[in-house]
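Read the structure below first, then the notes.
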Amino acid sequence: MKEKMFPFVDILIVTYNGKKYLSGCLASLQELTYPKDRYIITIIDNASSDGTLSVVEQNTNNFIKIIKNNKNLGFGKANTIGIKAAPAETKYIVLLNQDSLVAPEWLTELVDTMEKNPKAGACGATQKDYNQYKKITTGEKRIKECIWMGCGSIILRKEALDQIGYFDPYYFMYVEDIDITWRLKIVGWDILHTFNALWFHEGRDRKLTYANKRLYWAWKNRIYLLIKFGSWRQIRESCFFYYALLTKKYPVIDKKQDRKEEDKGRKDSHDKKNHVKEKESTILWKLIFLCKLFFSLPFVIPYALAARRKLRIQFSLDSQEVDSWIRYVDRVLIED
């Protein structure tokens with residue numbers, strides 16, 4: 001891009017007890033090649049209690065501003081506050097997770113992709129392992145169109161966000177990225193992925209377990225998303241699929257490990273007792289998870305039906321196309 005063509009960007013970082021990551025994140029942003037007078041960093045803090053704001057305040061300068069929430073609003077609501085507070089000259093909103101580092105050309109590549117693709121409503125960066133920061137400095141000069149992109153490191157056209165109405169406030173965490181990118185697609189914007197904008201995410205390989213409330217949020221929100229966007233036929237088909245997946249995807253017993261132990265002829269009774277206790281604990285957490293999910297449905301369904309009606313009043317949906325997006329996401333579930 002020629003220097004005169006650098007549009008103004010607001011980089012939003014939602015923080016919640018992210019003190020141990022934020023210094024590194026802000027330091028990597030200091031190394032951006034994008035002109036410093038053409039972007040601002042907005043920190044939206046969700047009532048952190050670990051001293052996160054002290055790290056931010058130590059780094060505060062002309063291009064960092066802070067928005068303080070008095071409670072944890074979650075990812076989507078906090079970002080909506082940041083989007084609404086963006087300077088009038090802002091053309092692009094960039095979202096970045098607090099536990100991230102970025103390559104020097106990250107922002108330049110994201111903006112360049114959007115400038116060259118005026119029909120793009122959003123473009124996601126390429127995620128790498130946190131420990132590969134500075135070991136990998138360049139990606140691939142390749143762009144592809146996607147059904148959705150995660151919002152851990154993404155650039156969004158402010159005009160497009162104003163058109164669709166920002167994040168759905170129902171979501172606290174998880175699935176809000178699918179929702180917002182699908183609404184962009186519904187009104188005609190493209191969703192892109194550039195392989196040359198690199199970000200390094202500490203939480204990239206985070207695994208969810210039955211004992212982790214994140215798994216509960218992810219599944220509860222997925223059901224909400226399904227009811228909001230899907231045809232009645234697709235809702236029925238996906239519900240059967242989800243039931244089968246939930247009973248198989250997160251196995252209670254690691255059968256491969258069991259066979260390995262049997263092959264070794266392991267006779268240590270103490271280890272065997274610990275193994276049995278571990279299995280019993282997993283079964284218990286699975287039952288707790290399924291009960292929580294089941295009893296949440298009377299609360300989820302009315303909100304989802306209201307969102308479904310509102311979506312169809314606001315926008316014209318191609319049900320066949322949207323159902324294909326849902327089936328694609330369902331297939332991704334198997335691979336994760």
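Identifiers in the structure tokens: chain A, B, ... in order shown; residue index from 1 per chain; ligand index from 1 in order shown.
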Contacts of A:Lys20 at 12 Å or less, counting only C-alpha atoms, minus same-chain residues fewer than 2 places along, as a ChimeraX atom specification?
-> /A:15-18,22-26,50-56,98-100,202
Just want the 7 Å neighbourhood of stretch 151-168 of chain A, counted on only C-alpha atoms, with same-chain residues fewer than 2 positions away dropped. Output as a PDB file with N, CA and C atoms, in the first residue's frame.
```pdb
ATOM      1  N   GLY A  76     -18.152 -10.915  23.294  1.00  0.00           N
ATOM      2  CA  GLY A  76     -18.939 -10.187  22.314  1.00  0.00           C
ATOM      3  C   GLY A  76     -19.414  -8.835  22.800  1.00  0.00           C
ATOM      4  N   LYS A  77     -20.016  -8.788  23.979  1.00  0.00           N
ATOM      5  CA  LYS A  77     -20.536  -7.523  24.513  1.00  0.00           C
ATOM      6  C   LYS A  77     -19.417  -6.511  24.698  1.00  0.00           C
ATOM      7  N   THR A  80     -18.401  -5.117  21.374  1.00  0.00           N
ATOM      8  CA  THR A  80     -19.412  -4.188  20.862  1.00  0.00           C
ATOM      9  C   THR A  80     -19.235  -2.803  21.476  1.00  0.00           C
ATOM     10  N   LYS A  91     -11.962   3.054   9.682  1.00  0.00           N
ATOM     11  CA  LYS A  91     -12.470   2.281   8.553  1.00  0.00           C
ATOM     12  C   LYS A  91     -12.516   0.795   8.880  1.00  0.00           C
ATOM     13  N   TYR A  92     -11.538   0.342   9.687  1.00  0.00           N
ATOM     14  CA  TYR A  92     -11.458  -1.074  10.024  1.00  0.00           C
ATOM     15  C   TYR A  92     -11.348  -1.273  11.530  1.00  0.00           C
ATOM     16  N   ILE A  93     -12.039  -2.292  12.010  1.00  0.00           N
ATOM     17  CA  ILE A  93     -11.924  -2.765  13.389  1.00  0.00           C
ATOM     18  C   ILE A  93     -11.134  -4.063  13.356  1.00  0.00           C
ATOM     19  N   VAL A  94     -10.131  -4.169  14.224  1.00  0.00           N
ATOM     20  CA  VAL A  94      -9.367  -5.408  14.336  1.00  0.00           C
ATOM     21  C   VAL A  94      -9.547  -5.956  15.751  1.00  0.00           C
ATOM     22  N   LEU A  95      -9.892  -7.232  15.848  1.00  0.00           N
ATOM     23  CA  LEU A  95     -10.029  -7.893  17.144  1.00  0.00           C
ATOM     24  C   LEU A  95      -8.819  -8.789  17.369  1.00  0.00           C
ATOM     25  N   LEU A  96      -8.289  -8.757  18.592  1.00  0.00           N
ATOM     26  CA  LEU A  96      -7.108  -9.571  18.926  1.00  0.00           C
ATOM     27  C   LEU A  96      -7.245 -10.111  20.334  1.00  0.00           C
ATOM     28  N   ASN A  97      -7.016 -11.414  20.498  1.00  0.00           N
ATOM     29  CA  ASN A  97      -7.041 -12.020  21.828  1.00  0.00           C
ATOM     30  C   ASN A  97      -5.888 -11.513  22.685  1.00  0.00           C
ATOM     31  N   LEU A 110      -3.332  -7.575   6.818  1.00  0.00           N
ATOM     32  CA  LEU A 110      -4.783  -7.614   6.985  1.00  0.00           C
ATOM     33  C   LEU A 110      -5.450  -6.453   6.248  1.00  0.00           C
ATOM     34  N   GLY A 121     -16.105  -8.381   4.046  1.00  0.00           N
ATOM     35  CA  GLY A 121     -16.569  -7.801   5.301  1.00  0.00           C
ATOM     36  C   GLY A 121     -15.623  -8.098   6.437  1.00  0.00           C
ATOM     37  N   ALA A 122     -14.863  -9.187   6.295  1.00  0.00           N
ATOM     38  CA  ALA A 122     -13.926  -9.591   7.342  1.00  0.00           C
ATOM     39  C   ALA A 122     -12.821 -10.444   6.735  1.00  0.00           C
ATOM     40  N   CYS A 123     -11.676 -10.441   7.418  1.00  0.00           N
ATOM     41  CA  CYS A 123     -10.555 -11.281   6.990  1.00  0.00           C
ATOM     42  C   CYS A 123      -9.787 -11.741   8.221  1.00  0.00           C
ATOM     43  N   GLY A 124      -9.640 -13.044   8.364  1.00  0.00           N
ATOM     44  CA  GLY A 124      -8.920 -13.603   9.498  1.00  0.00           C
ATOM     45  C   GLY A 124      -7.450 -13.801   9.197  1.00  0.00           C
ATOM     46  N   ALA A 125      -6.633 -13.729  10.255  1.00  0.00           N
ATOM     47  CA  ALA A 125      -5.199 -13.977  10.135  1.00  0.00           C
ATOM     48  C   ALA A 125      -4.913 -15.464  10.312  1.00  0.00           C
ATOM     49  N   MET A 149     -14.812 -17.220  10.032  1.00  0.00           N
ATOM     50  CA  MET A 149     -13.473 -17.097  10.615  1.00  0.00           C
ATOM     51  C   MET A 149     -13.608 -16.789  12.091  1.00  0.00           C
ATOM     52  N   TYR A 170     -26.365 -12.254  23.273  1.00  0.00           N
ATOM     53  CA  TYR A 170     -26.654 -13.494  23.991  1.00  0.00           C
ATOM     54  C   TYR A 170     -25.379 -14.231  24.376  1.00  0.00           C
ATOM     55  N   TYR A 171     -24.404 -14.245  23.464  1.00  0.00           N
ATOM     56  CA  TYR A 171     -23.208 -15.051  23.685  1.00  0.00           C
ATOM     57  C   TYR A 171     -22.300 -14.409  24.736  1.00  0.00           C
ATOM     58  N   GLU A 176     -19.804 -16.878  19.020  1.00  0.00           N
ATOM     59  CA  GLU A 176     -20.151 -15.536  18.546  1.00  0.00           C
ATOM     60  C   GLU A 176     -19.430 -15.194  17.238  1.00  0.00           C
ATOM     61  N   ASP A 177     -18.263 -15.820  17.029  1.00  0.00           N
ATOM     62  CA  ASP A 177     -17.528 -15.569  15.787  1.00  0.00           C
ATOM     63  C   ASP A 177     -18.264 -16.142  14.572  1.00  0.00           C
ATOM     64  N   ILE A 180     -21.472 -13.800  13.899  1.00  0.00           N
ATOM     65  CA  ILE A 180     -21.259 -12.490  13.287  1.00  0.00           C
ATOM     66  C   ILE A 180     -20.767 -12.615  11.839  1.00  0.00           C
ATOM     67  N   ARG A 183     -23.768 -13.556   9.624  1.00  0.00           N
ATOM     68  CA  ARG A 183     -24.636 -12.411   9.320  1.00  0.00           C
ATOM     69  C   ARG A 183     -23.998 -11.511   8.259  1.00  0.00           C
ATOM     70  N   LEU A 184     -22.687 -11.392   8.300  1.00  0.00           N
ATOM     71  CA  LEU A 184     -22.001 -10.640   7.242  1.00  0.00           C
ATOM     72  C   LEU A 184     -22.211 -11.301   5.881  1.00  0.00           C
TER      73      LEU A 184
END
```
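Going from atom CA of A:Trp148 over to atom CA of A:His193, you cover 9.1 Å.
You can rank A:Ile326, A:Leu198, A:Ile223, A:Ile64 by their closest distance to A:Gln132 using only C-alpha atoms, and at the top of that list sits A:Leu198.
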Sort by chain and increasing residue number a table of all residues of stretch 135-187 of chain A within 8 Å of stretch 305-325 of chain A, each with its closest pair of atoms and their distance in Å to one decimal, counting only C-alpha atoms, and write it as JSON lines.
```
{"residue": "A:Ile147", "atom": "CA", "partner": "A:Trp325", "partner_atom": "CA", "distance": 6.6}
{"residue": "A:Ile186", "atom": "CA", "partner": "A:Leu317", "partner_atom": "CA", "distance": 6.5}
{"residue": "A:Val187", "atom": "CA", "partner": "A:Phe315", "partner_atom": "CA", "distance": 7.1}
```
Generate a file of the selected residues that holds N, CA, C and O atoms, formatted as a short mmCIF file (atom, residue, chain, number, x, y, z; two decimals), in the first residue's frame.
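After the write, part31.cif holds the following:
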```cif
data_model
loop_
_atom_site.label_atom_id
_atom_site.label_comp_id
_atom_site.auth_asym_id
_atom_site.auth_seq_id
_atom_site.Cartn_x
_atom_site.Cartn_y
_atom_site.Cartn_z
N ILE A 147 -16.33 -19.95 5.06
CA ILE A 147 -17.70 -19.91 5.57
C ILE A 147 -17.76 -19.09 6.85
O ILE A 147 -18.72 -18.40 7.11
N ILE A 186 -24.69 -13.26 5.02
CA ILE A 186 -26.11 -13.19 4.64
C ILE A 186 -26.43 -11.89 3.90
O ILE A 186 -27.22 -11.88 2.96
N VAL A 187 -25.77 -10.79 4.31
CA VAL A 187 -26.05 -9.51 3.65
C VAL A 187 -25.11 -9.26 2.47
O VAL A 187 -25.13 -8.18 1.87
#
```
